[in-house]
Amino acid sequence: MVAMKHKMAELHSDVHNFGGFVGYLKDWIISNLDHIPAENHSIIELELKFGRVKRNDRDILDKSKYTILPSNYRLVPSIDKKTYDKIVKQFYDGKTGFQVRDISKKTNLSPPLNKGRIRVDLDTNTLLESISKERISNVLIKFPYSNYECKLSLSIEHVIPIMAYPAFSNSKTFIREKKGYHFTVPRSRHRIDVSTVSTKTDSKKTHGAINYELELEMSTKKLLEYYRNENYDAIEKEMSKFVQDSLRIKNLLKDKPRRK
């Protein structure tokens, strides 16, 4: 693949207005796609997780701006139950929810495929997928007047065979049981995932209480088509739609600015 002559905006923690923020994300996605082999473009995943960074980090932010957070901040992907219930009520379409078990364990493959995830449908007890998620890049984001921060992640989801997992291993196996709903945003076809999650190891010990999680996954079909055609303006419009869907969710999360 011939490298595209598109200059990536320098990663920093400057604040942006809406247009500058969308332009930054456009540069970010193009720069990363430039370095991903074309044969892997069809298996990329672009998702936004809502959560919180540490309180002492959050307090220094200008709450009125779009902010790219420093890379050393750590986001814990979690929302509260009231927010979970509000999202379900807003988007529920009458369809049945999902129940899955994600089993994360080491494989006998070389990096970056040395960690895998098996997903099983708990309703039918059938295998849904076996993948290894290769992390490419992420951006930590603070939206204006939001109680939550976000992590936008770009990954490659490699399909791996079940035989890649050793029958016996000294490493821990982590199990996450998720119950929730998938909602499709009509205009953009992006997908909202909202779920309750419990985590345990193969020793059956449960870690902590139930966690509530919220994600927005981008439908990348048009984005990749525009990238192949080097249509950067169209890519910016796709990123704008994604940010607008993110803001629609953000505006449901009890985030109105306090009166002084």
# chains A, B, ... in the order shown; residues from 1 in each chain; ligands from 1
$ closest_atom_pairs --of "range 93-205 of chain A" --to "range 29-45 of chain A" --cutoff "8 Å" --atoms "only C-alpha atoms" --output "JSON lines"
{"residue": "A:Ile136", "atom": "CA", "partner": "A:Asn32", "partner_atom": "CA", "distance": 7.6}
{"residue": "A:Ser137", "atom": "CA", "partner": "A:Asn32", "partner_atom": "CA", "distance": 7.5}
{"residue": "A:Ser153", "atom": "CA", "partner": "A:Glu45", "partner_atom": "CA", "distance": 7.8}
{"residue": "A:Leu154", "atom": "CA", "partner": "A:Glu45", "partner_atom": "CA", "distance": 5.8}
{"residue": "A:Ser155", "atom": "CA", "partner": "A:Glu45", "partner_atom": "CA", "distance": 5.2}
{"residue": "A:Ile156", "atom": "CA", "partner": "A:Ile44", "partner_atom": "CA", "distance": 4.4}
{"residue": "A:Glu157", "atom": "CA", "partner": "A:Ile43", "partner_atom": "CA", "distance": 5.5}
{"residue": "A:His158", "atom": "CA", "partner": "A:Ile43", "partner_atom": "CA", "distance": 7.0}
$ select_by_dssp --residues "range 39-250 of chain A" --states "strand (DSSP E or B)" --output "ChimeraX atom specification"
/A:44-52,66-68,76,79,98-106,115-121,126-142,149-159,174-184,191-201,206,211-217
$ closest_residue --among "A:Ala164, A:Val53, A:Leu75, A:Ile249" --to "Asn114 in chain A" --atoms "only C-alpha atoms"
A:Ala164
$ residues_around --residues "Pro112 in chain A" --least-positions-apart "6" --cutoff "9 Å" --atoms "only C-alpha atoms" --output "NGL selection string"
:A and (132-135)
$ write_last_selection --atoms "N, CA and C atoms" --output "tab-separated table (two decimals), in the first residue's frame"
chain	number	residue	atom	x	y	z
A	132	SER	N	-8.70	-12.36	18.53
A	132	SER	CA	-7.62	-11.69	19.25
A	132	SER	C	-7.66	-10.24	18.83
A	133	LYS	N	-7.81	-9.36	19.81
A	133	LYS	CA	-7.96	-7.94	19.52
A	133	LYS	C	-6.60	-7.25	19.59
A	134	GLU	N	-6.13	-6.77	18.44
A	134	GLU	CA	-4.85	-6.05	18.36
A	134	GLU	C	-5.13	-4.56	18.54
A	135	ARG	N	-4.64	-4.00	19.63
A	135	ARG	CA	-4.87	-2.58	19.91
A	135	ARG	C	-3.95	-1.73	19.02
$ residues_around --residues "Ala209 in chain A" --least-positions-apart "3" --cutoff "10 Å" --atoms "only C-alpha atoms" --output "ChimeraX atom specification"
/A:197-199,206,212
$ write_last_selection --atoms "all heavy atoms" --output "PDB file, in the first residue's frame"
ATOM      1  N   VAL A 197     -22.209  -6.053  33.660  1.00  0.00           N
ATOM      2  CA  VAL A 197     -21.054  -6.942  33.519  1.00  0.00           C
ATOM      3  C   VAL A 197     -20.601  -7.429  34.890  1.00  0.00           C
ATOM      4  O   VAL A 197     -20.448  -6.632  35.826  1.00  0.00           O
ATOM      5  CB  VAL A 197     -19.878  -6.218  32.826  1.00  0.00           C
ATOM      6  CG1 VAL A 197     -18.700  -7.174  32.628  1.00  0.00           C
ATOM      7  CG2 VAL A 197     -20.306  -5.625  31.490  1.00  0.00           C
ATOM      8  N   SER A 198     -20.388  -8.732  35.003  1.00  0.00           N
ATOM      9  CA  SER A 198     -19.747  -9.309  36.177  1.00  0.00           C
ATOM     10  C   SER A 198     -18.477 -10.018  35.713  1.00  0.00           C
ATOM     11  O   SER A 198     -18.455 -10.644  34.649  1.00  0.00           O
ATOM     12  CB  SER A 198     -20.676 -10.288  36.900  1.00  0.00           C
ATOM     13  OG  SER A 198     -21.035 -11.362  36.048  1.00  0.00           O
ATOM     14  N   THR A 199     -17.423  -9.898  36.503  1.00  0.00           N
ATOM     15  CA  THR A 199     -16.116 -10.440  36.124  1.00  0.00           C
ATOM     16  C   THR A 199     -15.629 -11.419  37.174  1.00  0.00           C
ATOM     17  O   THR A 199     -15.769 -11.185  38.378  1.00  0.00           O
ATOM     18  CB  THR A 199     -15.084  -9.304  35.984  1.00  0.00           C
ATOM     19  OG1 THR A 199     -15.570  -8.348  35.044  1.00  0.00           O
ATOM     20  CG2 THR A 199     -13.747  -9.837  35.483  1.00  0.00           C
ATOM     21  N   THR A 206     -15.567 -13.915  42.077  1.00  0.00           N
ATOM     22  CA  THR A 206     -16.102 -12.735  41.412  1.00  0.00           C
ATOM     23  C   THR A 206     -15.367 -11.490  41.902  1.00  0.00           C
ATOM     24  O   THR A 206     -15.109 -11.347  43.093  1.00  0.00           O
ATOM     25  CB  THR A 206     -17.611 -12.595  41.693  1.00  0.00           C
ATOM     26  OG1 THR A 206     -18.284 -13.754  41.212  1.00  0.00           O
ATOM     27  CG2 THR A 206     -18.171 -11.362  40.991  1.00  0.00           C
ATOM     28  N   TYR A 212     -21.768  -1.393  35.138  1.00  0.00           N
ATOM     29  CA  TYR A 212     -22.636  -0.977  34.037  1.00  0.00           C
ATOM     30  C   TYR A 212     -21.776  -0.304  32.973  1.00  0.00           C
ATOM     31  O   TYR A 212     -21.005   0.613  33.290  1.00  0.00           O
ATOM     32  CB  TYR A 212     -23.719  -0.013  34.531  1.00  0.00           C
ATOM     33  CG  TYR A 212     -24.618  -0.624  35.579  1.00  0.00           C
ATOM     34  CD1 TYR A 212     -24.305  -0.535  36.930  1.00  0.00           C
ATOM     35  CD2 TYR A 212     -25.774  -1.301  35.207  1.00  0.00           C
ATOM     36  CE1 TYR A 212     -25.115  -1.111  37.895  1.00  0.00           C
ATOM     37  CE2 TYR A 212     -26.600  -1.875  36.164  1.00  0.00           C
ATOM     38  CZ  TYR A 212     -26.271  -1.780  37.505  1.00  0.00           C
ATOM     39  OH  TYR A 212     -27.074  -2.359  38.457  1.00  0.00           O
TER      40      TYR A 212
END
$ residues_around --residues "Val139 in chain A" --least-positions-apart "5" --cutoff "12 Å" --atoms "only C-alpha atoms" --output "list in words"
Leu11, His12, Ser13, Phe21, Tyr24, Leu25, Trp28, Ile29, Asn32, Leu46, Glu47, Leu48, Lys49, Thr67, Ile68, Leu69, Pro70, Ser71, Asn72, Tyr73, Arg74, Leu75, Glu149, Cys150, Lys151, Leu152, Ser153 and Leu154 of chain A
$ atom_distance --atom1 "CA of Gly19 in chain A" --atom2 "CA of Asp193 in chain A"
26.5 Å
$ residues_around --residues "range 228-240 of chain A" --least-positions-apart "2" --cutoff "7 Å" --atoms "only C-alpha atoms" --output "number ranges by chain"
A: 22-23, 25-26, 223-226, 242-244
$ write_last_selection --atoms "N, CA, C and O atoms" --output "PDB file, in the first residue's frame"
ATOM      1  N   VAL A  22     -13.521  17.569  15.525  1.00  0.00           N
ATOM      2  CA  VAL A  22     -13.816  16.609  14.452  1.00  0.00           C
ATOM      3  C   VAL A  22     -12.627  16.500  13.491  1.00  0.00           C
ATOM      4  O   VAL A  22     -12.252  15.400  13.070  1.00  0.00           O
ATOM      5  N   GLY A  23     -12.018  17.632  13.162  1.00  0.00           N
ATOM      6  CA  GLY A  23     -10.843  17.616  12.291  1.00  0.00           C
ATOM      7  C   GLY A  23      -9.696  16.830  12.901  1.00  0.00           C
ATOM      8  O   GLY A  23      -8.967  16.108  12.203  1.00  0.00           O
ATOM      9  N   LEU A  25      -9.979  14.274  14.992  1.00  0.00           N
ATOM     10  CA  LEU A  25     -10.298  12.855  14.902  1.00  0.00           C
ATOM     11  C   LEU A  25     -10.147  12.338  13.476  1.00  0.00           C
ATOM     12  O   LEU A  25      -9.734  11.193  13.262  1.00  0.00           O
ATOM     13  N   LYS A  26     -10.483  13.177  12.483  1.00  0.00           N
ATOM     14  CA  LYS A  26     -10.280  12.786  11.082  1.00  0.00           C
ATOM     15  C   LYS A  26      -8.802  12.511  10.827  1.00  0.00           C
ATOM     16  O   LYS A  26      -8.429  11.484  10.242  1.00  0.00           O
ATOM     17  N   LEU A 223     -16.742   4.806   5.951  1.00  0.00           N
ATOM     18  CA  LEU A 223     -15.443   5.378   6.300  1.00  0.00           C
ATOM     19  C   LEU A 223     -14.327   4.738   5.481  1.00  0.00           C
ATOM     20  O   LEU A 223     -13.463   5.433   4.919  1.00  0.00           O
ATOM     21  N   LEU A 224     -14.339   3.407   5.374  1.00  0.00           N
ATOM     22  CA  LEU A 224     -13.286   2.703   4.634  1.00  0.00           C
ATOM     23  C   LEU A 224     -13.402   2.947   3.134  1.00  0.00           C
ATOM     24  O   LEU A 224     -12.387   3.036   2.429  1.00  0.00           O
ATOM     25  N   GLU A 225     -14.624   3.074   2.643  1.00  0.00           N
ATOM     26  CA  GLU A 225     -14.822   3.385   1.223  1.00  0.00           C
ATOM     27  C   GLU A 225     -14.243   4.758   0.897  1.00  0.00           C
ATOM     28  O   GLU A 225     -13.537   4.930  -0.112  1.00  0.00           O
ATOM     29  N   TYR A 226     -14.496   5.737   1.742  1.00  0.00           N
ATOM     30  CA  TYR A 226     -13.966   7.078   1.527  1.00  0.00           C
ATOM     31  C   TYR A 226     -12.440   7.092   1.644  1.00  0.00           C
ATOM     32  O   TYR A 226     -11.758   7.821   0.933  1.00  0.00           O
ATOM     33  N   PHE A 242     -20.388  10.634  13.853  1.00  0.00           N
ATOM     34  CA  PHE A 242     -20.056   9.812  15.008  1.00  0.00           C
ATOM     35  C   PHE A 242     -19.999  10.658  16.282  1.00  0.00           C
ATOM     36  O   PHE A 242     -20.509  10.262  17.339  1.00  0.00           O
ATOM     37  N   VAL A 243     -19.400  11.832  16.176  1.00  0.00           N
ATOM     38  CA  VAL A 243     -19.328  12.727  17.328  1.00  0.00           C
ATOM     39  C   VAL A 243     -20.726  13.212  17.711  1.00  0.00           C
ATOM     40  O   VAL A 243     -21.067  13.302  18.903  1.00  0.00           O
ATOM     41  N   GLN A 244     -21.565  13.498  16.715  1.00  0.00           N
ATOM     42  CA  GLN A 244     -22.932  13.942  17.015  1.00  0.00           C
ATOM     43  C   GLN A 244     -23.716  12.857  17.747  1.00  0.00           C
ATOM     44  O   GLN A 244     -24.476  13.148  18.678  1.00  0.00           O
TER      45      GLN A 244
END
$ atom_distance --atom1 "CA of Asp123 in chain A" --atom2 "CA of Gln99 in chain A"
6.5 Å
$ closest_atom_pairs --of "range 133-239 of chain A" --to "range 84-93 of chain A" --cutoff "8 Å" --atoms "only C-alpha atoms" --output "Markdown table"
| residue | atom | partner | partner_atom | distance |
| --- | --- | --- | --- | --- |
| A:Tyr181 | CA | A:Val88 | CA | 7.7 |
| A:Phe183 | CA | A:Phe91 | CA | 6.6 |
| A:Val194 | CA | A:Tyr84 | CA | 7.0 |
| A:Ser195 | CA | A:Tyr84 | CA | 7.9 |
| A:Tyr212 | CA | A:Tyr84 | CA | 6.6 |
| A:Glu213 | CA | A:Tyr84 | CA | 7.7 |
| A:Leu214 | CA | A:Tyr84 | CA | 7.7 |
$ residues_around --residues "Asn125 in chain A" --least-positions-apart "6" --cutoff "12 Å" --atoms "only C-alpha atoms" --output "list in words"
Gln99, Val100, Arg101 and Arg119 of chain A
$ select_by_dssp --residues "range 72-237 of chain A" --states "alpha helix (DSSP H)" --output "number ranges by chain"
A: 81-91, 221-228, 232-237
$ write_last_selection --atoms "C-alpha atoms" --output "PDB file, in the first residue's frame"
ATOM      1  CA  LYS A  81     -27.273   2.325  37.183  1.00  0.00           C
ATOM      2  CA  LYS A  82     -29.456   5.421  36.793  1.00  0.00           C
ATOM      3  CA  THR A  83     -27.620   6.285  33.576  1.00  0.00           C
ATOM      4  CA  TYR A  84     -27.924   2.678  32.382  1.00  0.00           C
ATOM      5  CA  ASP A  85     -31.682   2.699  32.946  1.00  0.00           C
ATOM      6  CA  LYS A  86     -32.019   6.053  31.183  1.00  0.00           C
ATOM      7  CA  ILE A  87     -30.176   4.818  28.072  1.00  0.00           C
ATOM      8  CA  VAL A  88     -32.268   1.631  27.897  1.00  0.00           C
ATOM      9  CA  LYS A  89     -35.509   3.606  28.273  1.00  0.00           C
ATOM     10  CA  GLN A  90     -34.471   6.103  25.569  1.00  0.00           C
ATOM     11  CA  PHE A  91     -33.433   3.569  22.922  1.00  0.00           C
ATOM     12  CA  LYS A 221     -18.240   0.649   5.872  1.00  0.00           C
ATOM     13  CA  LYS A 222     -18.537   4.180   4.460  1.00  0.00           C
ATOM     14  CA  LEU A 223     -15.443   5.378   6.300  1.00  0.00           C
ATOM     15  CA  LEU A 224     -13.286   2.703   4.634  1.00  0.00           C
ATOM     16  CA  GLU A 225     -14.822   3.385   1.223  1.00  0.00           C
ATOM     17  CA  TYR A 226     -13.966   7.078   1.527  1.00  0.00           C
ATOM     18  CA  TYR A 227     -10.461   6.213   2.715  1.00  0.00           C
ATOM     19  CA  ARG A 228      -9.816   4.009  -0.340  1.00  0.00           C
ATOM     20  CA  TYR A 232     -10.900  13.219   3.207  1.00  0.00           C
ATOM     21  CA  ASP A 233     -13.834  15.639   3.304  1.00  0.00           C
ATOM     22  CA  ALA A 234     -16.265  12.705   3.383  1.00  0.00           C
ATOM     23  CA  ILE A 235     -14.234  11.070   6.161  1.00  0.00           C
ATOM     24  CA  GLU A 236     -14.567  14.264   8.176  1.00  0.00           C
ATOM     25  CA  LYS A 237     -18.341  14.175   7.682  1.00  0.00           C
TER      26      LYS A 237
END
$ closest_residue --among "A:Leu122, A:Gly97, A:Asp102, A:Ile141" --to "Lys65 in chain A" --atoms "only C-alpha atoms"
A:Ile141
$ decode --residues "range 79-92 of chain A" --atoms "all heavy atoms" --output "compact mmCIF listing (two decimals), in the first residue's frame"
# COMPACT_ATOMS: atom_id res chain seq x y z
N ILE A 79 -20.54 3.26 33.97
CA ILE A 79 -21.56 4.28 34.20
C ILE A 79 -22.38 3.84 35.41
O ILE A 79 -22.25 2.70 35.88
CB ILE A 79 -22.47 4.48 32.98
CG1 ILE A 79 -23.19 3.17 32.61
CG2 ILE A 79 -21.67 5.00 31.78
CD1 ILE A 79 -24.21 3.30 31.51
N ASP A 80 -23.22 4.73 35.94
CA ASP A 80 -24.03 4.33 37.09
C ASP A 80 -25.34 3.70 36.62
O ASP A 80 -25.71 3.79 35.44
CB ASP A 80 -24.28 5.51 38.03
CG ASP A 80 -24.96 6.69 37.35
OD1 ASP A 80 -25.92 6.46 36.58
OD2 ASP A 80 -24.54 7.83 37.58
N LYS A 81 -26.05 3.05 37.54
CA LYS A 81 -27.27 2.33 37.18
C LYS A 81 -28.35 3.27 36.66
O LYS A 81 -29.10 2.92 35.73
CB LYS A 81 -27.81 1.54 38.38
CG LYS A 81 -29.00 0.66 38.02
CD LYS A 81 -29.50 -0.12 39.21
CE LYS A 81 -30.61 -1.09 38.78
NZ LYS A 81 -31.74 -0.41 38.11
N LYS A 82 -28.45 4.47 37.25
CA LYS A 82 -29.46 5.42 36.79
C LYS A 82 -29.23 5.79 35.33
O LYS A 82 -30.17 5.90 34.55
CB LYS A 82 -29.42 6.68 37.67
CG LYS A 82 -30.51 7.68 37.36
CD LYS A 82 -30.47 8.84 38.34
CE LYS A 82 -31.59 9.84 38.05
NZ LYS A 82 -31.58 10.97 39.01
N THR A 83 -27.96 5.98 34.96
CA THR A 83 -27.62 6.29 33.58
C THR A 83 -27.94 5.10 32.67
O THR A 83 -28.49 5.26 31.58
CB THR A 83 -26.12 6.64 33.46
OG1 THR A 83 -25.87 7.82 34.23
CG2 THR A 83 -25.73 6.90 32.02
N TYR A 84 -27.62 3.90 33.14
CA TYR A 84 -27.92 2.68 32.38
C TYR A 84 -29.43 2.60 32.09
O TYR A 84 -29.84 2.38 30.95
CB TYR A 84 -27.46 1.46 33.18
CG TYR A 84 -27.89 0.14 32.61
CD1 TYR A 84 -27.11 -0.53 31.67
CD2 TYR A 84 -29.09 -0.47 33.01
CE1 TYR A 84 -27.50 -1.76 31.14
CE2 TYR A 84 -29.49 -1.68 32.48
CZ TYR A 84 -28.70 -2.33 31.56
OH TYR A 84 -29.10 -3.54 31.04
N ASP A 85 -30.23 2.78 33.11
CA ASP A 85 -31.68 2.70 32.95
C ASP A 85 -32.19 3.78 31.98
O ASP A 85 -33.11 3.54 31.19
CB ASP A 85 -32.38 2.85 34.30
CG ASP A 85 -32.13 1.67 35.22
OD1 ASP A 85 -31.77 0.59 34.72
OD2 ASP A 85 -32.28 1.84 36.45
N LYS A 86 -31.60 4.96 32.05
CA LYS A 86 -32.02 6.05 31.18
C LYS A 86 -31.72 5.74 29.71
O LYS A 86 -32.53 6.01 28.82
CB LYS A 86 -31.31 7.34 31.60
CG LYS A 86 -31.81 8.59 30.88
CD LYS A 86 -31.03 9.82 31.31
CE LYS A 86 -31.28 10.18 32.74
NZ LYS A 86 -30.63 11.48 33.11
N ILE A 87 -30.55 5.17 29.44
CA ILE A 87 -30.18 4.82 28.07
C ILE A 87 -31.10 3.74 27.53
O ILE A 87 -31.59 3.82 26.39
CB ILE A 87 -28.71 4.34 28.02
CG1 ILE A 87 -27.76 5.50 28.35
CG2 ILE A 87 -28.38 3.76 26.64
CD1 ILE A 87 -27.75 6.61 27.34
N VAL A 88 -31.38 2.71 28.34
CA VAL A 88 -32.27 1.63 27.90
C VAL A 88 -33.66 2.18 27.60
O VAL A 88 -34.28 1.85 26.57
CB VAL A 88 -32.34 0.52 28.96
CG1 VAL A 88 -33.41 -0.51 28.59
CG2 VAL A 88 -30.98 -0.16 29.12
N LYS A 89 -34.18 3.03 28.47
CA LYS A 89 -35.51 3.61 28.27
C LYS A 89 -35.57 4.46 27.01
O LYS A 89 -36.56 4.43 26.27
CB LYS A 89 -35.88 4.46 29.49
CG LYS A 89 -37.27 5.08 29.40
CD LYS A 89 -37.60 5.88 30.65
CE LYS A 89 -38.99 6.51 30.56
NZ LYS A 89 -39.31 7.28 31.78
N GLN A 90 -34.50 5.21 26.72
CA GLN A 90 -34.47 6.10 25.57
C GLN A 90 -34.44 5.34 24.25
O GLN A 90 -35.11 5.71 23.29
CB GLN A 90 -33.25 7.02 25.66
CG GLN A 90 -33.06 7.94 24.46
CD GLN A 90 -34.10 9.03 24.39
OE1 GLN A 90 -34.68 9.41 25.42
NE2 GLN A 90 -34.34 9.56 23.21
N PHE A 91 -33.68 4.24 24.19
CA PHE A 91 -33.43 3.57 22.92
C PHE A 91 -34.13 2.22 22.77
O PHE A 91 -34.07 1.63 21.70
CB PHE A 91 -31.92 3.36 22.72
CG PHE A 91 -31.16 4.64 22.51
CD1 PHE A 91 -30.45 5.23 23.55
CD2 PHE A 91 -31.14 5.27 21.27
CE1 PHE A 91 -29.75 6.41 23.37
CE2 PHE A 91 -30.44 6.45 21.07
CZ PHE A 91 -29.75 7.02 22.13
N TYR A 92 -34.78 1.73 23.81
CA TYR A 92 -35.35 0.39 23.74
C TYR A 92 -36.35 0.28 22.59
O TYR A 92 -37.25 1.10 22.45
CB TYR A 92 -36.04 0.02 25.06
CG TYR A 92 -36.54 -1.41 25.08
CD1 TYR A 92 -35.67 -2.47 24.99
CD2 TYR A 92 -37.91 -1.67 25.16
CE1 TYR A 92 -36.13 -3.78 25.00
CE2 TYR A 92 -38.38 -2.97 25.17
CZ TYR A 92 -37.48 -4.03 25.10
OH TYR A 92 -37.96 -5.32 25.09
